[in-house]
Structures are given as structure tokens and as C-alpha cells.
$ cat data-v9.pdb   # PDB, C-alpha atoms
MODEL        1
ATOM      1  CA  LEU A1055     -48.401 -15.624 -77.931  1.00  0.00           C
ATOM      2  CA  LEU A1056     -51.652 -14.084 -79.159  1.00  0.00           C
ATOM      3  CA  GLU A1057     -52.915 -17.245 -80.837  1.00  0.00           C
ATOM      4  CA  PRO A1058     -55.706 -19.136 -79.003  1.00  0.00           C
ATOM      5  CA  ARG A1059     -53.503 -22.172 -78.343  1.00  0.00           C
ATOM      6  CA  PHE A1060     -50.863 -20.019 -76.658  1.00  0.00           C
ATOM      7  CA  GLN A1061     -53.492 -18.003 -74.803  1.00  0.00           C
ATOM      8  CA  ARG A1062     -54.657 -21.270 -73.255  1.00  0.00           C
ATOM      9  CA  LEU A1063     -51.066 -22.140 -72.374  1.00  0.00           C
ATOM     10  CA  LEU A1064     -50.537 -18.763 -70.701  1.00  0.00           C
ATOM     11  CA  ASP A1065     -53.817 -19.153 -68.794  1.00  0.00           C
ATOM     12  CA  ASN A1066     -52.586 -22.489 -67.470  1.00  0.00           C
ATOM     13  CA  MET A1067     -49.287 -20.929 -66.433  1.00  0.00           C
ATOM     14  CA  ALA A1068     -51.042 -18.025 -64.727  1.00  0.00           C
ATOM     15  CA  ALA A1069     -53.154 -20.540 -62.797  1.00  0.00           C
ATOM     16  CA  SER A1070     -49.983 -21.956 -61.201  1.00  0.00           C
ATOM     17  CA  PRO A1071     -48.100 -18.836 -60.028  1.00  0.00           C
ATOM     18  CA  MET A1072     -45.821 -20.734 -57.668  1.00  0.00           C
ATOM     19  CA  VAL A1073     -44.607 -22.854 -60.587  1.00  0.00           C
ATOM     20  CA  PHE A1074     -44.563 -20.471 -63.554  1.00  0.00           C
ATOM     21  CA  ARG A1075     -43.435 -16.914 -62.991  1.00  0.00           C
ATOM     22  CA  THR A1076     -41.387 -15.845 -65.995  1.00  0.00           C
ATOM     23  CA  VAL A1077     -41.752 -16.442 -69.730  1.00  0.00           C
ATOM     24  CA  ARG A1078     -38.727 -16.160 -72.028  1.00  0.00           C
ATOM     25  CA  PHE A1079     -39.068 -15.381 -75.713  1.00  0.00           C
ATOM     26  CA  PHE A1080     -36.932 -14.061 -78.533  1.00  0.00           C
ATOM     27  CA  GLY A1081     -37.598 -12.201 -81.755  1.00  0.00           C
ATOM     28  CA  SER A1082     -38.697  -9.081 -79.901  1.00  0.00           C
ATOM     29  CA  LEU A1083     -36.766  -6.767 -82.224  1.00  0.00           C
ATOM     30  CA  ASN A1084     -37.617  -8.398 -85.565  1.00  0.00           C
ATOM     31  CA  SER A1085     -41.236  -9.295 -84.862  1.00  0.00           C
ATOM     32  CA  GLY A1086     -43.943  -9.296 -87.487  1.00  0.00           C
ATOM     33  CA  ALA A1087     -43.553 -12.565 -89.384  1.00  0.00           C
ATOM     34  CA  ARG A1088     -44.139 -16.172 -88.391  1.00  0.00           C
ATOM     35  CA  GLU A1089     -40.953 -18.196 -88.078  1.00  0.00           C
ATOM     36  CA  ASN A1090     -40.078 -21.723 -87.002  1.00  0.00           C
ATOM     37  CA  ILE A1091     -37.333 -21.276 -84.395  1.00  0.00           C
ATOM     38  CA  GLY A1092     -34.544 -20.203 -86.778  1.00  0.00           C
ATOM     39  CA  PRO A1093     -34.720 -16.447 -87.513  1.00  0.00           C
ATOM     40  CA  THR A1094     -34.947 -15.772 -91.259  1.00  0.00           C
ATOM     41  CA  ASP A1095     -37.038 -12.600 -91.470  1.00  0.00           C
ATOM     42  CA  SER A1096     -36.228  -9.016 -90.509  1.00  0.00           C
ATOM     43  CA  GLY A1097     -39.779  -8.254 -89.419  1.00  0.00           C
ATOM     44  CA  ILE A1098     -41.560  -4.908 -89.419  1.00  0.00           C
ATOM     45  CA  VAL A1099     -40.151  -3.208 -86.321  1.00  0.00           C
ATOM     46  CA  TRP A1100     -37.713  -1.003 -88.262  1.00  0.00           C
ATOM     47  CA  PRO A1101     -37.785  -1.573 -92.045  1.00  0.00           C
ATOM     48  CA  SER A1102     -35.372   1.245 -92.934  1.00  0.00           C
ATOM     49  CA  VAL A1103     -33.277   3.856 -91.179  1.00  0.00           C
ATOM     50  CA  ALA A1104     -35.630   6.593 -92.379  1.00  0.00           C
ATOM     51  CA  SER A1105     -38.748   4.828 -91.053  1.00  0.00           C
ATOM     52  CA  ARG A1106     -40.274   4.999 -87.599  1.00  0.00           C
ATOM     53  CA  ILE A1107     -39.348   2.321 -85.051  1.00  0.00           C
ATOM     54  CA  GLY A1108     -42.566   0.636 -83.930  1.00  0.00           C
ATOM     55  CA  PHE A1109     -43.065  -2.213 -81.454  1.00  0.00           C
ATOM     56  CA  SER A1110     -46.801  -2.950 -81.571  1.00  0.00           C
ATOM     57  CA  MET A1111     -46.101  -6.508 -82.734  1.00  0.00           C
ATOM     58  CA  THR A1112     -43.905  -6.953 -79.670  1.00  0.00           C
ATOM     59  CA  PHE A1113     -45.845  -4.990 -77.054  1.00  0.00           C
ATOM     60  CA  ASN A1114     -49.163  -6.808 -77.540  1.00  0.00           C
ATOM     61  CA  PRO A1115     -47.641 -10.234 -76.776  1.00  0.00           C
ATOM     62  CA  LEU A1116     -45.769  -8.695 -73.842  1.00  0.00           C
ATOM     63  CA  ALA A1117     -49.087  -7.467 -72.495  1.00  0.00           C
ATOM     64  CA  ALA A1118     -50.437 -11.011 -72.835  1.00  0.00           C
ATOM     65  CA  LEU A1119     -47.814 -11.982 -70.259  1.00  0.00           C
ATOM     66  CA  THR A1120     -48.013  -9.060 -67.876  1.00  0.00           C
ATOM     67  CA  SER A1121     -51.820  -9.039 -67.793  1.00  0.00           C
ATOM     68  CA  ARG A1122     -51.602 -12.571 -66.384  1.00  0.00           C
ATOM     69  CA  GLY A1123     -49.041 -11.684 -63.759  1.00  0.00           C
ATOM     70  CA  LEU A1124     -46.196 -13.322 -65.708  1.00  0.00           C
ATOM     71  CA  THR A1125     -42.818 -11.588 -65.885  1.00  0.00           C
ATOM     72  CA  PRO A1126     -41.238 -11.197 -69.349  1.00  0.00           C
ATOM     73  CA  PHE A1127     -37.742 -12.552 -69.925  1.00  0.00           C
ATOM     74  CA  VAL A1128     -36.942 -10.587 -73.082  1.00  0.00           C
ATOM     75  CA  VAL A1129     -34.209 -11.788 -75.420  1.00  0.00           C
ATOM     76  CA  LEU A1130     -32.877  -8.753 -77.288  1.00  0.00           C
ATOM     77  CA  SER A1131     -32.907 -10.204 -80.803  1.00  0.00           C
ATOM     78  CA  PHE A1132     -32.832 -10.223 -83.826  1.00  0.00           C
ATOM     79  CA  PHE A1133     -31.752  -7.544 -86.341  1.00  0.00           C
ATOM     80  CA  PRO A1134     -34.423  -5.612 -88.247  1.00  0.00           C
ATOM     81  CA  SER A1135     -33.581  -4.374 -91.755  1.00  0.00           C
ATOM     82  CA  ALA A1136     -32.504  -0.922 -90.564  1.00  0.00           C
ATOM     83  CA  VAL A1137     -29.651  -2.551 -88.647  1.00  0.00           C
ATOM     84  CA  LEU A1138     -28.768  -5.164 -91.277  1.00  0.00           C
ATOM     85  CA  SER A1139     -30.526  -7.063 -94.052  1.00  0.00           C
ATOM     86  CA  SER A1140     -29.753 -10.339 -92.266  1.00  0.00           C
ATOM     87  CA  PRO A1141     -31.378 -10.881 -88.841  1.00  0.00           C
ATOM     88  CA  THR A1142     -28.384 -12.887 -87.564  1.00  0.00           C
ATOM     89  CA  LEU A1143     -25.289 -11.498 -89.317  1.00  0.00           C
ATOM     90  CA  PRO A1144     -23.235  -9.006 -87.258  1.00  0.00           C
ATOM     91  CA  PRO A1145     -23.283  -5.474 -88.712  1.00  0.00           C
ATOM     92  CA  SER A1146     -20.110  -3.502 -89.354  1.00  0.00           C
ATOM     93  CA  SER A1147     -21.335  -0.861 -86.910  1.00  0.00           C
ATOM     94  CA  PHE A1148     -23.582  -1.162 -83.865  1.00  0.00           C
ATOM     95  CA  GLU A1149     -24.754   2.457 -84.019  1.00  0.00           C
ATOM     96  CA  ASN A1150     -28.221   1.600 -85.328  1.00  0.00           C
ATOM     97  CA  TRP A1151     -28.448  -1.357 -82.962  1.00  0.00           C
ATOM     98  CA  GLN A1152     -27.870   0.991 -80.041  1.00  0.00           C
ATOM     99  CA  ARG A1153     -30.479   3.360 -81.432  1.00  0.00           C
ATOM    100  CA  LEU A1154     -32.908   0.426 -81.610  1.00  0.00           C
ATOM    101  CA  ILE A1155     -32.212  -0.642 -78.019  1.00  0.00           C
ATOM    102  CA  ARG A1156     -32.674   2.904 -76.730  1.00  0.00           C
ATOM    103  CA  SER A1157     -35.960   3.235 -78.596  1.00  0.00           C
ATOM    104  CA  PHE A1158     -37.180  -0.138 -77.322  1.00  0.00           C
ATOM    105  CA  LEU A1159     -36.469   0.724 -73.702  1.00  0.00           C
ATOM    106  CA  ASP A1160     -37.806   4.279 -73.992  1.00  0.00           C
ATOM    107  CA  GLN A1161     -41.053   3.049 -75.558  1.00  0.00           C
ATOM    108  CA  LEU A1162     -41.426   0.324 -72.925  1.00  0.00           C
ATOM    109  CA  ALA A1163     -40.988   2.911 -70.181  1.00  0.00           C
ATOM    110  CA  ALA A1164     -43.551   5.219 -71.825  1.00  0.00           C
ATOM    111  CA  GLU A1165     -46.108   2.485 -72.536  1.00  0.00           C
ATOM    112  CA  PRO A1166     -49.040   2.699 -70.065  1.00  0.00           C
ATOM    113  CA  ARG A1167     -49.322  -1.111 -69.929  1.00  0.00           C
ATOM    114  CA  PHE A1168     -45.726  -1.401 -68.688  1.00  0.00           C
ATOM    115  CA  GLY A1169     -43.723   1.610 -67.513  1.00  0.00           C
ATOM    116  CA  ALA A1170     -40.270   2.211 -66.075  1.00  0.00           C
ATOM    117  CA  SER A1171     -41.148   0.849 -62.638  1.00  0.00           C
ATOM    118  CA  ALA A1172     -42.481  -2.421 -64.095  1.00  0.00           C
ATOM    119  CA  ILE A1173     -39.584  -3.197 -66.429  1.00  0.00           C
ATOM    120  CA  ARG A1174     -37.179  -2.965 -63.486  1.00  0.00           C
ATOM    121  CA  HIS A1175     -38.405  -6.458 -62.601  1.00  0.00           C
ATOM    122  CA  TRP A1176     -38.109  -7.868 -66.125  1.00  0.00           C
ATOM    123  CA  TRP A1177     -35.081  -9.695 -67.486  1.00  0.00           C
ATOM    124  CA  PHE A1178     -33.296  -8.543 -70.655  1.00  0.00           C
ATOM    125  CA  GLU A1179     -30.900 -10.991 -72.290  1.00  0.00           C
ATOM    126  CA  VAL A1180     -28.420 -10.105 -75.042  1.00  0.00           C
ATOM    127  CA  TRP A1181     -29.191 -12.456 -77.941  1.00  0.00           C
ATOM    128  CA  ASN A1182     -29.835 -16.184 -78.093  1.00  0.00           C
ATOM    129  CA  GLU A1183     -27.141 -18.871 -78.379  1.00  0.00           C
ATOM    130  CA  PRO A1184     -24.313 -16.910 -80.027  1.00  0.00           C
ATOM    131  CA  ASN A1185     -22.387 -20.167 -80.496  1.00  0.00           C
ATOM    132  CA  ILE A1186     -25.112 -21.644 -82.729  1.00  0.00           C
ATOM    133  CA  TYR A1187     -24.872 -20.632 -86.393  1.00  0.00           C
ATOM    134  CA  ALA A1188     -28.644 -20.535 -86.923  1.00  0.00           C
ATOM    135  CA  PHE A1189     -28.886 -17.689 -84.407  1.00  0.00           C
ATOM    136  CA  TRP A1190     -25.533 -15.881 -84.741  1.00  0.00           C
ATOM    137  CA  LYS A1191     -23.479 -15.924 -87.908  1.00  0.00           C
ATOM    138  CA  GLY A1192     -20.510 -14.144 -86.415  1.00  0.00           C
ATOM    139  CA  SER A1193     -17.623 -14.996 -84.125  1.00  0.00           C
ATOM    140  CA  PHE A1194     -17.882 -15.032 -80.357  1.00  0.00           C
ATOM    141  CA  SER A1195     -15.627 -11.987 -80.317  1.00  0.00           C
ATOM    142  CA  GLN A1196     -18.260 -10.184 -82.390  1.00  0.00           C
ATOM    143  CA  TYR A1197     -20.872 -11.268 -79.871  1.00  0.00           C
ATOM    144  CA  ILE A1198     -18.777  -9.642 -77.149  1.00  0.00           C
ATOM    145  CA  ASP A1199     -18.859  -6.456 -79.237  1.00  0.00           C
ATOM    146  CA  LEU A1200     -22.642  -6.756 -79.478  1.00  0.00           C
ATOM    147  CA  TYR A1201     -22.952  -7.199 -75.731  1.00  0.00           C
ATOM    148  CA  ARG A1202     -20.712  -4.204 -75.037  1.00  0.00           C
ATOM    149  CA  ALA A1203     -22.717  -2.021 -77.433  1.00  0.00           C
ATOM    150  CA  THR A1204     -25.983  -3.171 -75.834  1.00  0.00           C
ATOM    151  CA  SER A1205     -24.687  -2.385 -72.361  1.00  0.00           C
ATOM    152  CA  GLU A1206     -23.698   1.106 -73.488  1.00  0.00           C
ATOM    153  CA  ALA A1207     -27.180   1.714 -74.899  1.00  0.00           C
ATOM    154  CA  VAL A1208     -28.879   0.462 -71.740  1.00  0.00           C
ATOM    155  CA  LEU A1209     -26.726   2.630 -69.499  1.00  0.00           C
ATOM    156  CA  ALA A1210     -27.307   5.649 -71.741  1.00  0.00           C
ATOM    157  CA  SER A1211     -31.061   5.156 -71.389  1.00  0.00           C
ATOM    158  CA  GLY A1212     -30.847   5.834 -67.668  1.00  0.00           C
ATOM    159  CA  LEU A1213     -33.406   3.094 -67.028  1.00  0.00           C
ATOM    160  CA  ASP A1214     -32.888   0.598 -64.243  1.00  0.00           C
ATOM    161  CA  ILE A1215     -33.191  -2.854 -65.829  1.00  0.00           C
ATOM    162  CA  LYS A1216     -31.564  -6.262 -65.468  1.00  0.00           C
ATOM    163  CA  LEU A1217     -29.234  -7.088 -68.371  1.00  0.00           C
ATOM    164  CA  GLY A1218     -27.327 -10.337 -68.885  1.00  0.00           C
ATOM    165  CA  GLY A1219     -26.122 -13.125 -71.132  1.00  0.00           C
ATOM    166  CA  PRO A1220     -24.484 -14.872 -72.927  1.00  0.00           C
ATOM    167  CA  ALA A1221     -27.111 -17.656 -73.372  1.00  0.00           C
ATOM    168  CA  ILE A1222     -24.457 -20.120 -74.557  1.00  0.00           C
ATOM    169  CA  ALA A1223     -25.761 -23.479 -75.746  1.00  0.00           C
ATOM    170  CA  TYR A1224     -24.216 -26.594 -74.219  1.00  0.00           C
ATOM    171  CA  GLN A1225     -24.830 -29.177 -76.876  1.00  0.00           C
ATOM    172  CA  PRO A1226     -22.908 -32.100 -78.383  1.00  0.00           C
ATOM    173  CA  VAL A1227     -19.954 -30.573 -80.211  1.00  0.00           C
ATOM    174  CA  GLU A1228     -16.630 -31.877 -81.457  1.00  0.00           C
ATOM    175  CA  ASP A1229     -14.956 -30.229 -78.482  1.00  0.00           C
ATOM    176  CA  PRO A1230     -17.089 -30.869 -75.368  1.00  0.00           C
ATOM    177  CA  ASN A1231     -15.168 -28.156 -73.524  1.00  0.00           C
ATOM    178  CA  ALA A1232     -16.015 -25.454 -76.083  1.00  0.00           C
ATOM    179  CA  PRO A1233     -19.137 -24.054 -74.332  1.00  0.00           C
ATOM    180  CA  ALA A1234     -17.309 -23.752 -71.018  1.00  0.00           C
ATOM    181  CA  GLN A1235     -14.403 -22.016 -72.750  1.00  0.00           C
ATOM    182  CA  LEU A1236     -16.785 -19.497 -74.304  1.00  0.00           C
ATOM    183  CA  MET A1237     -18.399 -18.928 -70.928  1.00  0.00           C
ATOM    184  CA  GLN A1238     -14.969 -18.304 -69.446  1.00  0.00           C
ATOM    185  CA  THR A1239     -14.255 -15.795 -72.233  1.00  0.00           C
ATOM    186  CA  PHE A1240     -17.479 -13.963 -71.438  1.00  0.00           C
ATOM    187  CA  LEU A1241     -16.796 -13.908 -67.701  1.00  0.00           C
ATOM    188  CA  ARG A1242     -13.304 -12.535 -68.261  1.00  0.00           C
ATOM    189  CA  PHE A1243     -14.744  -9.846 -70.543  1.00  0.00           C
ATOM    190  CA  VAL A1244     -17.182  -8.767 -67.835  1.00  0.00           C
ATOM    191  CA  SER A1245     -14.408  -8.796 -65.242  1.00  0.00           C
ATOM    192  CA  ASP A1246     -11.958  -6.853 -67.418  1.00  0.00           C
ATOM    193  CA  GLU A1247     -14.522  -4.167 -68.265  1.00  0.00           C
ATOM    194  CA  PRO A1248     -16.265  -3.295 -64.989  1.00  0.00           C
ATOM    195  CA  GLU A1249     -18.256  -0.546 -66.684  1.00  0.00           C
ATOM    196  CA  VAL A1250     -20.150  -3.211 -68.663  1.00  0.00           C
ATOM    197  CA  LYS A1251     -23.569  -3.956 -67.201  1.00  0.00           C
ATOM    198  CA  CYS A1252     -24.117  -7.619 -66.317  1.00  0.00           C
ATOM    199  CA  ASP A1253     -26.764  -8.532 -63.767  1.00  0.00           C
ATOM    200  CA  PHE A1254     -27.079 -12.264 -64.460  1.00  0.00           C
ATOM    201  CA  ILE A1255     -25.313 -15.080 -66.294  1.00  0.00           C
ATOM    202  CA  SER A1256     -27.390 -17.270 -68.594  1.00  0.00           C
ATOM    203  CA  LEU A1257     -26.748 -20.612 -70.255  1.00  0.00           C
ATOM    204  CA  HIS A1258     -28.595 -23.402 -72.047  1.00  0.00           C
ATOM    205  CA  ARG A1259     -27.835 -26.849 -70.716  1.00  0.00           C
ATOM    206  CA  LYS A1260     -30.538 -29.389 -71.488  1.00  0.00           C
ATOM    207  CA  GLY A1261     -31.248 -32.521 -69.520  1.00  0.00           C
ATOM    208  CA  ALA A1262     -31.973 -36.025 -70.697  1.00  0.00           C
ATOM    209  CA  THR A1263     -34.395 -38.841 -70.034  1.00  0.00           C
ATOM    210  CA  PHE A1264     -33.913 -42.541 -69.360  1.00  0.00           C
ATOM    211  CA  GLY A1265     -37.241 -44.214 -69.886  1.00  0.00           C
ATOM    212  CA  PRO A1266     -40.572 -42.409 -69.826  1.00  0.00           C
ATOM    213  CA  ASP A1267     -40.390 -41.186 -66.233  1.00  0.00           C
ATOM    214  CA  GLN A1268     -36.695 -40.866 -65.397  1.00  0.00           C
ATOM    215  CA  PRO A1269     -35.351 -37.344 -65.930  1.00  0.00           C
ATOM    216  CA  GLU A1270     -31.584 -36.941 -65.696  1.00  0.00           C
ATOM    217  CA  ILE A1271     -30.494 -33.539 -64.402  1.00  0.00           C
ATOM    218  CA  ARG A1272     -26.890 -34.116 -63.338  1.00  0.00           C
ATOM    219  CA  ARG A1273     -25.402 -32.305 -66.322  1.00  0.00           C
ATOM    220  CA  LEU A1274     -27.632 -29.271 -65.683  1.00  0.00           C
ATOM    221  CA  ILE A1275     -26.282 -29.042 -62.154  1.00  0.00           C
ATOM    222  CA  ALA A1276     -22.715 -29.600 -63.376  1.00  0.00           C
ATOM    223  CA  ALA A1277     -22.938 -26.755 -65.899  1.00  0.00           C
ATOM    224  CA  ALA A1278     -24.285 -24.346 -63.283  1.00  0.00           C
ATOM    225  CA  GLU A1279     -21.650 -25.323 -60.737  1.00  0.00           C
ATOM    226  CA  GLU A1280     -18.885 -25.062 -63.337  1.00  0.00           C
ATOM    227  CA  THR A1281     -20.066 -21.574 -64.281  1.00  0.00           C
ATOM    228  CA  ALA A1282     -20.232 -20.476 -60.647  1.00  0.00           C
ATOM    229  CA  ASP A1283     -16.767 -21.840 -59.926  1.00  0.00           C
ATOM    230  CA  MET A1284     -15.298 -20.073 -62.967  1.00  0.00           C
ATOM    231  CA  ALA A1285     -16.959 -16.784 -62.075  1.00  0.00           C
ATOM    232  CA  LEU A1286     -15.706 -16.832 -58.493  1.00  0.00           C
ATOM    233  CA  ALA A1287     -12.214 -17.860 -59.600  1.00  0.00           C
ATOM    234  CA  ILE A1288     -12.026 -15.053 -62.162  1.00  0.00           C
ATOM    235  CA  ASP A1289     -13.462 -12.205 -60.079  1.00  0.00           C
ATOM    236  CA  PRO A1290     -15.061 -13.076 -56.714  1.00  0.00           C
ATOM    237  CA  ALA A1291     -16.019  -9.466 -55.973  1.00  0.00           C
ATOM    238  CA  ARG A1292     -17.621  -8.820 -59.357  1.00  0.00           C
ATOM    239  CA  PHE A1293     -19.626 -12.020 -59.452  1.00  0.00           C
ATOM    240  CA  LYS A1294     -20.539 -12.459 -55.789  1.00  0.00           C
ATOM    241  CA  GLY A1295     -24.232 -13.285 -55.577  1.00  0.00           C
ATOM    242  CA  ILE A1296     -24.919 -12.942 -59.308  1.00  0.00           C
ATOM    243  CA  PRO A1297     -27.785 -15.180 -60.511  1.00  0.00           C
ATOM    244  CA  ILE A1298     -26.993 -18.013 -62.916  1.00  0.00           C
ATOM    245  CA  VAL A1299     -30.008 -18.787 -65.087  1.00  0.00           C
ATOM    246  CA  ASN A1300     -30.414 -21.946 -67.146  1.00  0.00           C
ATOM    247  CA  ASN A1301     -33.293 -20.855 -69.367  1.00  0.00           C
ATOM    248  CA  GLU A1302     -33.327 -23.811 -71.741  1.00  0.00           C
ATOM    249  CA  ALA A1303     -33.228 -26.811 -69.434  1.00  0.00           C
ATOM    250  CA  ASP A1304     -35.866 -29.049 -70.990  1.00  0.00           C
ATOM    251  CA  MET A1305     -35.465 -32.812 -70.770  1.00  0.00           C
ATOM    252  CA  LYS A1306     -37.046 -33.739 -74.080  1.00  0.00           C
ATOM    253  CA  VAL A1307     -36.176 -31.990 -77.313  1.00  0.00           C
ATOM    254  CA  GLY A1308     -38.485 -32.160 -80.295  1.00  0.00           C
ATOM    255  CA  PHE A1309     -41.769 -32.463 -78.405  1.00  0.00           C
ATOM    256  CA  ASP A1310     -42.707 -35.618 -80.295  1.00  0.00           C
ATOM    257  CA  ILE A1311     -43.087 -37.680 -77.118  1.00  0.00           C
TER     258      ILE A1311
ENDMDL
END

$ encode --input "data-v9.pdb" --output "C-alpha cells"
Amino acid sequence: LLEPRFQRLLDNMAASPMVFRTVRFFGSLNSGARENIGPTDSGIVWPSVASRIGFSMTFNPLAALTSRGLTPFVVLSFFPSAVLSSPTLPPSSFENWQRLIRSFLDQLAAEPRFGASAIRHWWFEVWNEPNIYAFWKGSFSQYIDLYRATSEAVLASGLDIKLGGPAIAYQPVEDPNAPAQLMQTFLRFVSDEPEVKCDFISLHRKGATFGPDQPEIRRLIAAAEETADMALAIDPARFKGIPIVNNEADMKVGFDI
């Protein structure tokens, strides 16, 4: 986000505030090395348990957003070395992960460029596409454990922020019902454990195109409606009014057109 080409992109977004308001990004917790989509590096945020946790490589890009009036949509990912040597493999214990989350939130609240009152309006999402192996090399049950541990750390911080997930990817799979089944599992988890913090539901359902100027959005709408119907059927009181966010809804994948 600090490169000139992205600075120009952010300037264009800031020039259209009624169109672009929020920018989502991941890698906030393992920042420090260039990567091409798939996380492979543990970054420099927390190299070892004995070292200091530092977020300068994350805070400067965040400031590039907020200084332009854009709201950060922060994906809490991926693992630095102090949590696990692999950025995407679930650890045996989430103790250090919770320590990392607490430190991240505390430092955000203490940072003069942001502060506790500002981050109340940000969005914090637990991980990215836990049903895609490139991003999460564990089971969905282990993702539920990660979410629960993250919620505990957020609540322990005492800071008022918006936390959500599960950012499930709806993509062509052998079982087309698999993403919806995982979403149902997540919704039941949130319903069964009312102490878990969940302020929004997120998913990734991409559109399609037919010809150069014919976007097809029916399956985006269907995924959102299906999620809403499941949530209200499972626990209408818990999920009444909760936002459903499709934060990967692009029509063209690959950007070669």
C-alpha cells in the first residue's frame, strides 16, 4: 500500500468517497515481506517469543488508508514465527496468538494516528478463507478454535471493536453445497456459544461475466440470501440485524482482461 502505484490507487478511491469507503487487506500480523497472494513468510512482526512485538510494517500502510478517509477492514492473519513457524498451519496452542491479538489491539489504541475511538469504526475479520488450503492448512473445526481464541483475546482487551468472520470462499468444489455447510457450522457455533463475539458475517462469493459488459450477480445475491435465511432459522434473536459482508465479490478473476 505504500508503493507509488498503490498510492495512486488509494488517491483515486479517496476521490470517490461515496463509492469507496473501506479497504480490506490481509497479512497484518505477518507483514514485512513481499508475497503474491499465498502467505509463505512469517514476516517480522514477532520473530520469536522472546522478541518485542512490533507493527510498524502494518501501521504505516494503515495510516495510508486512514489519512485518506478510508476505513480499514483488517483481516487478522497470518501467523508470525513466535506463534508458529508456518504462517498458515494451526498451532497446538493459541496462547501466543491471543498474546499477539492483545498486543495488536493495545498498540492500535495507543497509536496517535489511530486510537481507541477510531478503531471502533474499523472492521476486524478472523482469517481469510479457512476452507482454502493456501490460506489455512487445518480443519474447519480448528478454525472455529481460532475464532473462539480470537474472540476471547478481543474481549479481554476491553476495546470496543467489530469482530467477525468466517470469510468462507464459495468456489467450484466437488461438493457445491460444502461452503454453505461450513457457513451453517459457523452460525451454529456462534449461536451455541453466546459469549463469543460476532458482529458481522463475511463470505466470498464471486460473480461472473457474459461478454465484455454483462456482469452476472445472481449467485452473489443467492449466497447472501442463503446465509441470512440460515442465520435467522438457527437463531433469530442472535442474528437479527447482523451485517452480511461479501468482501470478495469481483466479477473477473485474474485481472488479465

$ closest_residue --input "data-v9.pdb" --among "A:Asn1150, A:Ile1155, A:Thr1076, A:Arg1292" --to "Pro1248 of chain A" --atoms "all atoms listed in the file"
A:Arg1292

$ closest_residue --input "data-v9.pdb" --among "A:Asn1300, A:Thr1281, A:Thr1120, A:Ser1102" --to "His1175 of chain A" --atoms "only C-alpha atoms"
A:Thr1120

$ residues_around --input "data-v9.pdb" --residues "segment 1129-1132 of chain A" --least-positions-apart "4" --cutoff "8 Å" --atoms "only C-alpha atoms" --output "NGL selection string"
:A and (1078-1084 or 1093 or 1096 or 1141-1142 or 1178-1182)

$ resolve_selection --input "data-v9.pdb" --expression "the PyMOL selection byres ((chain A and resi 1158) around 10)" --output "mmCIF file with C-alpha atoms, in the coordinates of the input"
data_model
loop_
_atom_site.group_PDB
_atom_site.id
_atom_site.type_symbol
_atom_site.label_atom_id
_atom_site.label_comp_id
_atom_site.auth_asym_id
_atom_site.auth_seq_id
_atom_site.Cartn_x
_atom_site.Cartn_y
_atom_site.Cartn_z
ATOM 1 C CA SER A 1082 -38.697 -9.081 -79.901
ATOM 2 C CA LEU A 1083 -36.766 -6.767 -82.224
ATOM 3 C CA VAL A 1099 -40.151 -3.208 -86.321
ATOM 4 C CA ILE A 1107 -39.348 2.321 -85.051
ATOM 5 C CA GLY A 1108 -42.566 0.636 -83.930
ATOM 6 C CA PHE A 1109 -43.065 -2.213 -81.454
ATOM 7 C CA THR A 1112 -43.905 -6.953 -79.670
ATOM 8 C CA PHE A 1113 -45.845 -4.990 -77.054
ATOM 9 C CA LEU A 1130 -32.877 -8.753 -77.288
ATOM 10 C CA GLN A 1152 -27.870 0.991 -80.041
ATOM 11 C CA ARG A 1153 -30.479 3.360 -81.432
ATOM 12 C CA LEU A 1154 -32.908 0.426 -81.610
ATOM 13 C CA ILE A 1155 -32.212 -0.642 -78.019
ATOM 14 C CA ARG A 1156 -32.674 2.904 -76.730
ATOM 15 C CA SER A 1157 -35.960 3.235 -78.596
ATOM 16 C CA LEU A 1159 -36.469 0.724 -73.702
ATOM 17 C CA ASP A 1160 -37.806 4.279 -73.992
ATOM 18 C CA GLN A 1161 -41.053 3.049 -75.558
ATOM 19 C CA LEU A 1162 -41.426 0.324 -72.925
ATOM 20 C CA ALA A 1163 -40.988 2.911 -70.181
ATOM 21 C CA ALA A 1164 -43.551 5.219 -71.825
#

$ closest_atom_pairs --input "data-v9.pdb" --of "segment 1090-1119 of chain A" --to "segment 1056-1066 of chain A" --cutoff "8 Å" --atoms "only C-alpha atoms" --output "JSON lines"
{"residue": "A:Asn1114", "atom": "CA", "partner": "A:Leu1056", "partner_atom": "CA", "distance": 7.9}
{"residue": "A:Pro1115", "atom": "CA", "partner": "A:Leu1056", "partner_atom": "CA", "distance": 6.0}
{"residue": "A:Ala1118", "atom": "CA", "partner": "A:Leu1056", "partner_atom": "CA", "distance": 7.1}
{"residue": "A:Leu1119", "atom": "CA", "partner": "A:Leu1064", "partner_atom": "CA", "distance": 7.3}

$ resolve_selection --input "data-v9.pdb" --expression "the PyMOL selection byres ((chain A and resi 1208-1223) around 8)" --output "short mmCIF file (atom, residue, chain, number, x, y, z; two decimals) with C-alpha atoms, in the coordinates of the input"
data_model
loop_
_atom_site.label_atom_id
_atom_site.label_comp_id
_atom_site.auth_asym_id
_atom_site.auth_seq_id
_atom_site.Cartn_x
_atom_site.Cartn_y
_atom_site.Cartn_z
CA ILE A 1155 -32.21 -0.64 -78.02
CA ARG A 1156 -32.67 2.90 -76.73
CA LEU A 1159 -36.47 0.72 -73.70
CA ASP A 1160 -37.81 4.28 -73.99
CA ALA A 1170 -40.27 2.21 -66.08
CA ILE A 1173 -39.58 -3.20 -66.43
CA ARG A 1174 -37.18 -2.96 -63.49
CA HIS A 1175 -38.40 -6.46 -62.60
CA TRP A 1176 -38.11 -7.87 -66.12
CA TRP A 1177 -35.08 -9.70 -67.49
CA PHE A 1178 -33.30 -8.54 -70.66
CA GLU A 1179 -30.90 -10.99 -72.29
CA VAL A 1180 -28.42 -10.10 -75.04
CA TRP A 1181 -29.19 -12.46 -77.94
CA ASN A 1182 -29.84 -16.18 -78.09
CA GLU A 1183 -27.14 -18.87 -78.38
CA PRO A 1184 -24.31 -16.91 -80.03
CA ASN A 1185 -22.39 -20.17 -80.50
CA ILE A 1186 -25.11 -21.64 -82.73
CA THR A 1204 -25.98 -3.17 -75.83
CA SER A 1205 -24.69 -2.38 -72.36
CA GLU A 1206 -23.70 1.11 -73.49
CA ALA A 1207 -27.18 1.71 -74.90
CA TYR A 1224 -24.22 -26.59 -74.22
CA GLN A 1225 -24.83 -29.18 -76.88
CA PRO A 1233 -19.14 -24.05 -74.33
CA LEU A 1236 -16.78 -19.50 -74.30
CA MET A 1237 -18.40 -18.93 -70.93
CA PHE A 1240 -17.48 -13.96 -71.44
CA LYS A 1251 -23.57 -3.96 -67.20
CA CYS A 1252 -24.12 -7.62 -66.32
CA ASP A 1253 -26.76 -8.53 -63.77
CA PHE A 1254 -27.08 -12.26 -64.46
CA ILE A 1255 -25.31 -15.08 -66.29
CA SER A 1256 -27.39 -17.27 -68.59
CA LEU A 1257 -26.75 -20.61 -70.26
CA HIS A 1258 -28.60 -23.40 -72.05
CA ARG A 1259 -27.84 -26.85 -70.72
#

$ atom_distance --input "data-v9.pdb" --atom1 "atom CA of Met1305 of chain A" --atom2 "atom CA of Arg1273 of chain A"
11.0 Å

$ residues_around --input "data-v9.pdb" --residues "Ala1282 of chain A" --least-positions-apart "3" --cutoff "10 Å" --atoms "all atoms listed in the file" --output "PyMOL selection string"
chain A and resi 1255+1276-1279+1285-1288+1290+1293-1298
